[in-house]
$ cat structure_35.cif   # mmCIF, C-alpha atoms
data_coords
loop_
_atom_site.label_atom_id
_atom_site.label_comp_id
_atom_site.auth_asym_id
_atom_site.auth_seq_id
_atom_site.Cartn_x
_atom_site.Cartn_y
_atom_site.Cartn_z
CA MET A 1 47.56 24.00 21.50
CA ILE A 2 44.89 21.33 21.83
CA ALA A 3 43.41 20.12 18.55
CA ASN A 4 39.75 20.90 18.01
CA GLU A 5 37.32 19.41 15.55
CA GLU A 6 36.74 22.47 13.38
CA GLY A 7 40.42 23.38 13.21
CA LEU A 8 41.47 19.87 12.25
CA ARG A 9 38.73 19.58 9.67
CA ARG A 10 39.78 22.88 8.09
CA LEU A 11 43.45 21.82 8.09
CA MET A 12 42.52 18.54 6.41
CA GLN A 13 40.50 20.36 3.74
CA MET A 14 43.45 22.63 3.04
CA SER A 15 45.78 19.63 2.98
CA GLN A 16 43.60 17.87 0.45
CA THR A 17 43.95 20.86 -1.86
CA GLY A 18 47.75 20.68 -1.64
CA ASP A 19 48.59 23.13 1.17
CA LYS A 20 51.83 21.63 2.52
CA GLN A 21 52.05 23.98 5.49
CA ALA A 22 48.51 23.10 6.59
CA TYR A 23 49.38 19.42 6.20
CA ALA A 24 52.46 19.79 8.41
CA VAL A 25 50.38 21.50 11.11
CA LEU A 26 47.67 18.84 10.77
CA LEU A 27 50.20 16.03 11.25
CA GLU A 28 51.69 17.79 14.27
CA GLN A 29 48.29 18.26 15.92
CA CYS A 30 47.18 14.73 15.05
CA SER A 31 50.39 13.39 16.53
CA ALA A 32 49.71 15.14 19.85
CA TRP A 33 46.10 13.89 19.85
CA LEU A 34 47.22 10.34 19.08
CA VAL A 35 49.77 10.35 21.91
CA ARG A 36 46.97 11.26 24.35
CA TYR A 37 44.67 8.63 22.79
CA TYR A 38 47.22 5.79 22.95
CA ARG A 39 48.58 6.73 26.37
CA GLN A 40 45.47 5.14 27.90
CA LYS A 41 45.70 1.99 25.78
CA ILE A 42 49.27 0.75 25.41
CA ALA A 43 52.67 0.73 27.06
CA ALA A 44 54.55 4.01 26.93
CA ASP A 45 57.46 2.53 24.96
CA ALA A 46 55.14 1.53 22.08
CA ILE A 47 53.31 4.85 21.69
CA ASP A 48 55.75 6.55 19.30
CA ASP A 49 55.77 3.63 16.86
CA LEU A 50 51.99 3.36 16.90
CA VAL A 51 51.58 7.12 16.40
CA GLN A 52 53.89 6.94 13.37
CA GLU A 53 52.01 3.96 11.92
CA THR A 54 48.73 5.82 12.38
CA LEU A 55 50.08 8.97 10.73
CA ILE A 56 51.21 6.86 7.77
CA SER A 57 47.71 5.38 7.56
CA LEU A 58 46.23 8.89 7.74
CA HIS A 59 48.54 9.93 4.90
CA ARG A 60 47.51 6.97 2.76
CA LYS A 61 43.80 7.48 3.44
CA ARG A 62 43.68 11.29 3.30
CA ALA A 63 42.01 11.29 -0.11
CA SER A 64 39.12 9.25 1.32
CA TYR A 65 38.28 11.86 3.97
CA ASP A 66 34.99 13.69 3.32
CA PRO A 67 35.31 17.31 4.52
CA ALA A 68 31.56 17.44 5.14
CA ARG A 69 32.00 14.90 7.95
CA PRO A 70 33.70 15.32 11.34
CA PHE A 71 37.46 14.77 11.36
CA LEU A 72 38.14 13.41 14.85
CA PRO A 73 35.87 10.34 14.54
CA TRP A 74 37.59 9.58 11.22
CA LEU A 75 41.02 9.87 12.86
CA ALA A 76 39.85 7.85 15.88
CA ALA A 77 38.68 5.04 13.58
CA ILE A 78 42.08 4.89 11.91
CA ALA A 79 43.77 4.96 15.33
CA ARG A 80 41.54 2.19 16.64
CA TYR A 81 42.30 -0.05 13.63
CA ARG A 82 46.04 0.54 14.03
CA TRP A 83 45.75 -0.28 17.74
CA VAL A 84 43.80 -3.49 17.09
CA ASP A 85 46.37 -4.47 14.46
CA ARG A 86 49.13 -3.88 17.02
CA LEU A 87 47.29 -6.02 19.59
CA ARG A 88 46.82 -8.79 17.03
CA GLN A 89 50.49 -8.62 16.02
CA SER A 90 51.56 -8.76 19.65
CA TYR A 91 49.22 -11.68 20.30
CA ARG A 92 50.64 -13.63 17.34
CA GLN A 93 54.22 -12.99 18.41
CA GLN A 94 53.48 -14.11 21.95
CA ALA A 95 51.65 -17.21 20.72
CA GLU A 96 54.58 -18.10 18.45
CA ALA A 97 56.96 -17.70 21.37
CA LEU A 98 54.78 -20.01 23.43
CA ASP A 99 54.65 -22.56 20.63
CA GLN A 100 58.45 -22.60 20.36
CA HIS A 101 58.86 -23.16 24.10
CA ASP A 102 61.92 -20.94 24.03
CA ALA A 103 60.22 -18.19 25.98
CA ALA A 104 61.38 -17.35 29.45
CA GLU A 105 59.02 -18.19 32.29
CA GLU A 106 57.97 -14.54 32.71
CA SER A 107 57.02 -14.09 29.05
CA HIS A 108 55.21 -17.44 29.19
CA GLU A 109 53.02 -15.98 31.90
CA GLU A 110 52.40 -12.89 29.77
CA VAL A 111 51.45 -15.02 26.76
CA VAL A 112 49.10 -17.13 28.84
CA GLY A 113 47.61 -13.99 30.36
CA ALA A 114 47.13 -12.44 26.92
CA ARG A 115 45.59 -15.67 25.63
CA ILE A 116 43.18 -15.79 28.55
CA SER A 117 42.28 -12.13 28.03
CA ILE A 118 41.65 -12.65 24.31
CA ASP A 119 39.64 -15.80 24.97
CA ARG A 120 37.60 -14.01 27.64
CA LEU A 121 36.89 -11.08 25.30
CA LEU A 122 35.95 -13.38 22.43
CA GLY A 123 33.67 -15.24 24.83
CA LEU A 124 31.64 -12.05 25.22
CA LEU A 125 30.81 -12.07 21.51
CA PRO A 126 28.19 -14.18 19.77
CA ALA A 127 29.74 -17.43 18.51
CA PRO A 128 29.49 -16.57 14.78
CA GLN A 129 31.49 -13.38 15.38
CA SER A 130 34.11 -14.86 17.69
CA ASP A 131 34.61 -17.91 15.44
CA VAL A 132 35.38 -15.87 12.32
CA ILE A 133 37.56 -13.38 14.21
CA ARG A 134 39.61 -16.25 15.61
CA ILE A 135 39.91 -17.95 12.18
CA VAL A 136 40.70 -14.85 10.10
CA LYS A 137 42.25 -12.28 12.41
CA ILE A 138 44.06 -14.44 14.96
CA ASP A 139 44.88 -17.67 13.10
CA GLY A 140 45.51 -15.78 9.84
CA HIS A 141 43.28 -17.83 7.53
CA SER A 142 41.45 -16.39 4.57
CA ILE A 143 37.81 -15.33 4.39
CA ALA A 144 37.20 -18.34 2.14
CA ASP A 145 38.63 -20.66 4.82
CA ALA A 146 36.35 -19.07 7.41
CA CYS A 147 33.37 -19.63 5.08
CA GLN A 148 34.22 -23.30 4.76
CA GLN A 149 34.83 -23.82 8.46
CA THR A 150 31.75 -21.97 9.71
CA GLY A 151 29.26 -22.42 6.89
CA GLN A 152 28.76 -18.65 6.71
CA SER A 153 28.65 -16.77 3.42
CA GLU A 154 31.55 -14.51 2.51
CA ALA A 155 29.45 -11.41 3.13
CA LEU A 156 28.32 -12.71 6.52
CA VAL A 157 31.89 -13.54 7.53
CA LYS A 158 32.96 -9.98 6.70
CA VAL A 159 30.00 -8.48 8.55
CA ASN A 160 30.62 -10.68 11.59
CA ILE A 161 34.31 -9.73 11.66
CA HIS A 162 33.49 -6.03 11.38
CA ARG A 163 30.77 -6.11 14.03
CA GLY A 164 32.82 -8.32 16.34
CA LEU A 165 35.92 -6.11 16.15
CA LYS A 166 33.77 -3.04 16.72
CA LYS A 167 32.21 -4.66 19.78
CA LEU A 168 35.64 -5.76 21.07
CA ALA A 169 37.01 -2.24 20.68
CA ALA A 170 34.04 -0.87 22.61
CA LEU A 171 34.52 -3.45 25.35
CA ILE A 172 38.21 -2.67 25.65
CA GLU A 173 37.70 1.10 25.62
CA ASN A 174 35.10 0.82 28.39
CA ASP A 175 37.50 -1.05 30.69
#

$ encode --input "structure_35.cif" --output "structure tokens"
Amino acid sequence: MIANEEGLRRLMQMSQTGDKQAYAVLLEQCSAWLVRYYRQKIAADAIDDLVQETLISLHRKRASYDPARPFLPWLAAIARYRWVDRLRQSYRQQAEALDQHDAAEESHEEVVGARISIDRLLGLLPAPQSDVIRIVKIDGHSIADACQQTGQSEALVKVNIHRGLKKLAALIEND
């Protein structure tokens, strides 16, 4: 059975009121939808883990869902954030491996390729957005550090990160 918007929204409403059976069906249908969503984005061996992480996020955020709004865009937003987190985590691990110079020649090529891809994508963003994404999301510094390094206010740093990640996700999904 393919999940549809109205059915998922109704299942989520029932789940929010404590219907455990509806919640189990919702998770099963979301899992199938997420597998199809991630199949186009990541390696097959990483799909199951990412689906589980996304379902955990859905579970944690279920109280924030507004039943008056569509369900699938809400789920897709959670899935996209989990996917971007996974990409960032993978990028950091590959960069650390490159820094340690213990990586095999093949993984070195993958790290360099990933670095070039990230740099190319960030190059498509306006400088204020790419700078704060690199500082906060890739290098792991705080918002306050990004404010000091770029001269942007805290609110502007957050807005630039949000808009930049949204634009990156759109660029990646369109490829």

$ closest_residue --input "structure_35.cif" --among "A:Ala68, A:Leu125, A:Ala170, A:Leu50" --to "Asp85 in chain A" --atoms "only C-alpha atoms"
A:Leu50

$ residues_near_point --input "structure_35.cif" --point "(52.2, -3.8, 15.5)" --cutoff "12 Å" --atoms "all atoms listed in the file" --output "JSON, numbers by chain"
{"A": [42, 46, 47, 48, 49, 50, 51, 52, 53, 54, 81, 82, 83, 84, 85, 86, 87, 88, 89, 90, 91, 92, 93]}

$ write_last_selection --input "structure_35.cif" --atoms "C-alpha atoms" --output "compact mmCIF listing (two decimals), keeping the file's coordinate frame"
# COMPACT_ATOMS: atom_id res chain seq x y z
CA ILE A 42 49.27 0.75 25.41
CA ALA A 46 55.14 1.53 22.08
CA ILE A 47 53.31 4.85 21.69
CA ASP A 48 55.75 6.55 19.30
CA ASP A 49 55.77 3.63 16.86
CA LEU A 50 51.99 3.36 16.90
CA VAL A 51 51.58 7.12 16.40
CA GLN A 52 53.89 6.94 13.37
CA GLU A 53 52.01 3.96 11.92
CA THR A 54 48.73 5.82 12.38
CA TYR A 81 42.30 -0.05 13.63
CA ARG A 82 46.04 0.54 14.03
CA TRP A 83 45.75 -0.28 17.74
CA VAL A 84 43.80 -3.49 17.09
CA ASP A 85 46.37 -4.47 14.46
CA ARG A 86 49.13 -3.88 17.02
CA LEU A 87 47.29 -6.02 19.59
CA ARG A 88 46.82 -8.79 17.03
CA GLN A 89 50.49 -8.62 16.02
CA SER A 90 51.56 -8.76 19.65
CA TYR A 91 49.22 -11.68 20.30
CA ARG A 92 50.64 -13.63 17.34
CA GLN A 93 54.22 -12.99 18.41

$ residues_near_point --input "structure_35.cif" --point "(42.0, 4.5, 17.0)" --cutoff "10 Å" --atoms "only C-alpha atoms" --output "list in words"
Leu34, Tyr37, Tyr38, Lys41, Val51, Thr54, Leu72, Pro73, Trp74, Leu75, Ala76, Ala77, Ile78, Ala79, Arg80, Tyr81, Arg82, Trp83, Val84 and Ala169 of chain A

$ atom_distance --input "structure_35.cif" --atom1 "CA of Gln149 in chain A" --atom2 "CA of Gln129 in chain A"
13.0 Å

$ resolve_selection --input "structure_35.cif" --expression "the PyMOL selection byres ((chain A and resi 10) around 12)" --output "MDAnalysis selection string"
chainID A and resid 3:9 11:17 19 22:23 25:26 65:72

$ write_last_selection --input "structure_35.cif" --atoms "C-alpha atoms" --output "compact mmCIF listing (two decimals), keeping the file's coordinate frame"
# COMPACT_ATOMS: atom_id res chain seq x y z
CA ALA A 3 43.41 20.12 18.55
CA ASN A 4 39.75 20.90 18.01
CA GLU A 5 37.32 19.41 15.55
CA GLU A 6 36.74 22.47 13.38
CA GLY A 7 40.42 23.38 13.21
CA LEU A 8 41.47 19.87 12.25
CA ARG A 9 38.73 19.58 9.67
CA LEU A 11 43.45 21.82 8.09
CA MET A 12 42.52 18.54 6.41
CA GLN A 13 40.50 20.36 3.74
CA MET A 14 43.45 22.63 3.04
CA SER A 15 45.78 19.63 2.98
CA GLN A 16 43.60 17.87 0.45
CA THR A 17 43.95 20.86 -1.86
CA ASP A 19 48.59 23.13 1.17
CA ALA A 22 48.51 23.10 6.59
CA TYR A 23 49.38 19.42 6.20
CA VAL A 25 50.38 21.50 11.11
CA LEU A 26 47.67 18.84 10.77
CA TYR A 65 38.28 11.86 3.97
CA ASP A 66 34.99 13.69 3.32
CA PRO A 67 35.31 17.31 4.52
CA ALA A 68 31.56 17.44 5.14
CA ARG A 69 32.00 14.90 7.95
CA PRO A 70 33.70 15.32 11.34
CA PHE A 71 37.46 14.77 11.36
CA LEU A 72 38.14 13.41 14.85

$ closest_residue --input "structure_35.cif" --among "A:Asn160, A:Ile135, A:Glu96, A:Leu171" --to "Arg120 in chain A" --atoms "all atoms listed in the file"
A:Leu171

$ axis_aligned_box --input "structure_35.cif" --around "range 151-163 of chain A" --padding-each-side "4 Å" --output "JSON"
{"center_x": 31.3, "center_y": -14.2, "center_z": 8.3, "size_x": 14.0, "size_y": 24.4, "size_z": 19.5}

$ closest_residue --input "structure_35.cif" --among "A:Gly140, A:Lys167, A:Gly18, A:His59" --to "Gly123 in chain A" --atoms "only C-alpha atoms"
A:Lys167

$ closest_residue --input "structure_35.cif" --among "A:Leu55, A:Arg163, A:Cys147, A:Ser130" --to "Gln29 in chain A" --atoms "only C-alpha atoms"
A:Leu55

$ closest_residue --input "structure_35.cif" --among "A:Gln40, A:Leu156, A:Ser64, A:His141" --to "Pro128 in chain A" --atoms "all atoms listed in the file"
A:Leu156

$ atom_distance --input "structure_35.cif" --atom1 "CA of Cys30 in chain A" --atom2 "CA of Arg60 in chain A"
14.5 Å

$ atom_distance --input "structure_35.cif" --atom1 "CA of Ile56 in chain A" --atom2 "CA of Leu165 in chain A"
21.7 Å

$ closest_residue --input "structure_35.cif" --among "A:Val157, A:Val136, A:Ala146, A:Leu122" --to "Ile172 in chain A" --atoms "only C-alpha atoms"
A:Leu122

$ decode --input "structure_35.cif" --residues "range 16-63 of chain A" --atoms "C-alpha atoms" --output "PDB file, in the first residue's frame"
ATOM      1  CA  GLN A  16      -1.269  12.112  18.662  1.00  0.00           C
ATOM      2  CA  THR A  17      -4.362  11.142  20.627  1.00  0.00           C
ATOM      3  CA  GLY A  18      -2.690   7.936  21.833  1.00  0.00           C
ATOM      4  CA  ASP A  19      -3.845   5.325  19.291  1.00  0.00           C
ATOM      5  CA  LYS A  20      -0.930   2.867  19.364  1.00  0.00           C
ATOM      6  CA  GLN A  21      -2.207   0.777  16.471  1.00  0.00           C
ATOM      7  CA  ALA A  22      -2.519   3.859  14.242  1.00  0.00           C
ATOM      8  CA  TYR A  23       1.001   4.875  15.285  1.00  0.00           C
ATOM      9  CA  ALA A  24       2.404   1.471  14.324  1.00  0.00           C
ATOM     10  CA  VAL A  25       0.745   1.701  10.899  1.00  0.00           C
ATOM     11  CA  LEU A  26       1.980   5.276  10.496  1.00  0.00           C
ATOM     12  CA  LEU A  27       5.570   4.253  11.243  1.00  0.00           C
ATOM     13  CA  GLU A  28       5.332   1.337   8.818  1.00  0.00           C
ATOM     14  CA  GLN A  29       4.013   3.541   6.005  1.00  0.00           C
ATOM     15  CA  CYS A  30       6.506   6.311   6.752  1.00  0.00           C
ATOM     16  CA  SER A  31       9.297   3.759   6.692  1.00  0.00           C
ATOM     17  CA  ALA A  32       8.296   2.607   3.192  1.00  0.00           C
ATOM     18  CA  TRP A  33       8.017   6.222   2.007  1.00  0.00           C
ATOM     19  CA  LEU A  34      11.416   7.086   3.479  1.00  0.00           C
ATOM     20  CA  VAL A  35      13.088   4.109   1.784  1.00  0.00           C
ATOM     21  CA  ARG A  36      11.803   5.378  -1.584  1.00  0.00           C
ATOM     22  CA  TYR A  37      12.876   8.945  -0.720  1.00  0.00           C
ATOM     23  CA  TYR A  38      16.417   8.006   0.348  1.00  0.00           C
ATOM     24  CA  ARG A  39      16.948   5.458  -2.425  1.00  0.00           C
ATOM     25  CA  GLN A  40      17.548   8.374  -4.814  1.00  0.00           C
ATOM     26  CA  LYS A  41      19.907  10.189  -2.456  1.00  0.00           C
ATOM     27  CA  ILE A  42      22.295   7.818  -0.684  1.00  0.00           C
ATOM     28  CA  ALA A  43      24.034   4.478  -0.976  1.00  0.00           C
ATOM     29  CA  ALA A  44      21.803   1.455  -0.494  1.00  0.00           C
ATOM     30  CA  ASP A  45      23.754   0.210   2.535  1.00  0.00           C
ATOM     31  CA  ALA A  46      23.047   3.444   4.455  1.00  0.00           C
ATOM     32  CA  ILE A  47      19.293   3.621   3.820  1.00  0.00           C
ATOM     33  CA  ASP A  48      18.130   1.476   6.754  1.00  0.00           C
ATOM     34  CA  ASP A  49      20.125   3.467   9.308  1.00  0.00           C
ATOM     35  CA  LEU A  50      18.926   6.779   7.921  1.00  0.00           C
ATOM     36  CA  VAL A  51      15.298   5.596   7.869  1.00  0.00           C
ATOM     37  CA  GLN A  52      15.603   4.579  11.530  1.00  0.00           C
ATOM     38  CA  GLU A  53      17.166   7.922  12.485  1.00  0.00           C
ATOM     39  CA  THR A  54      14.367   9.733  10.677  1.00  0.00           C
ATOM     40  CA  LEU A  55      11.673   7.660  12.386  1.00  0.00           C
ATOM     41  CA  ILE A  56      13.259   8.480  15.745  1.00  0.00           C
ATOM     42  CA  SER A  57      13.170  12.172  14.819  1.00  0.00           C
ATOM     43  CA  LEU A  58       9.529  11.810  13.762  1.00  0.00           C
ATOM     44  CA  HIS A  59       8.789  10.193  17.125  1.00  0.00           C
ATOM     45  CA  ARG A  60      10.499  13.008  19.027  1.00  0.00           C
ATOM     46  CA  LYS A  61       8.781  15.733  16.996  1.00  0.00           C
ATOM     47  CA  ARG A  62       5.312  14.166  16.700  1.00  0.00           C
ATOM     48  CA  ALA A  63       3.827  16.559  19.249  1.00  0.00           C
TER      49      ALA A  63
END
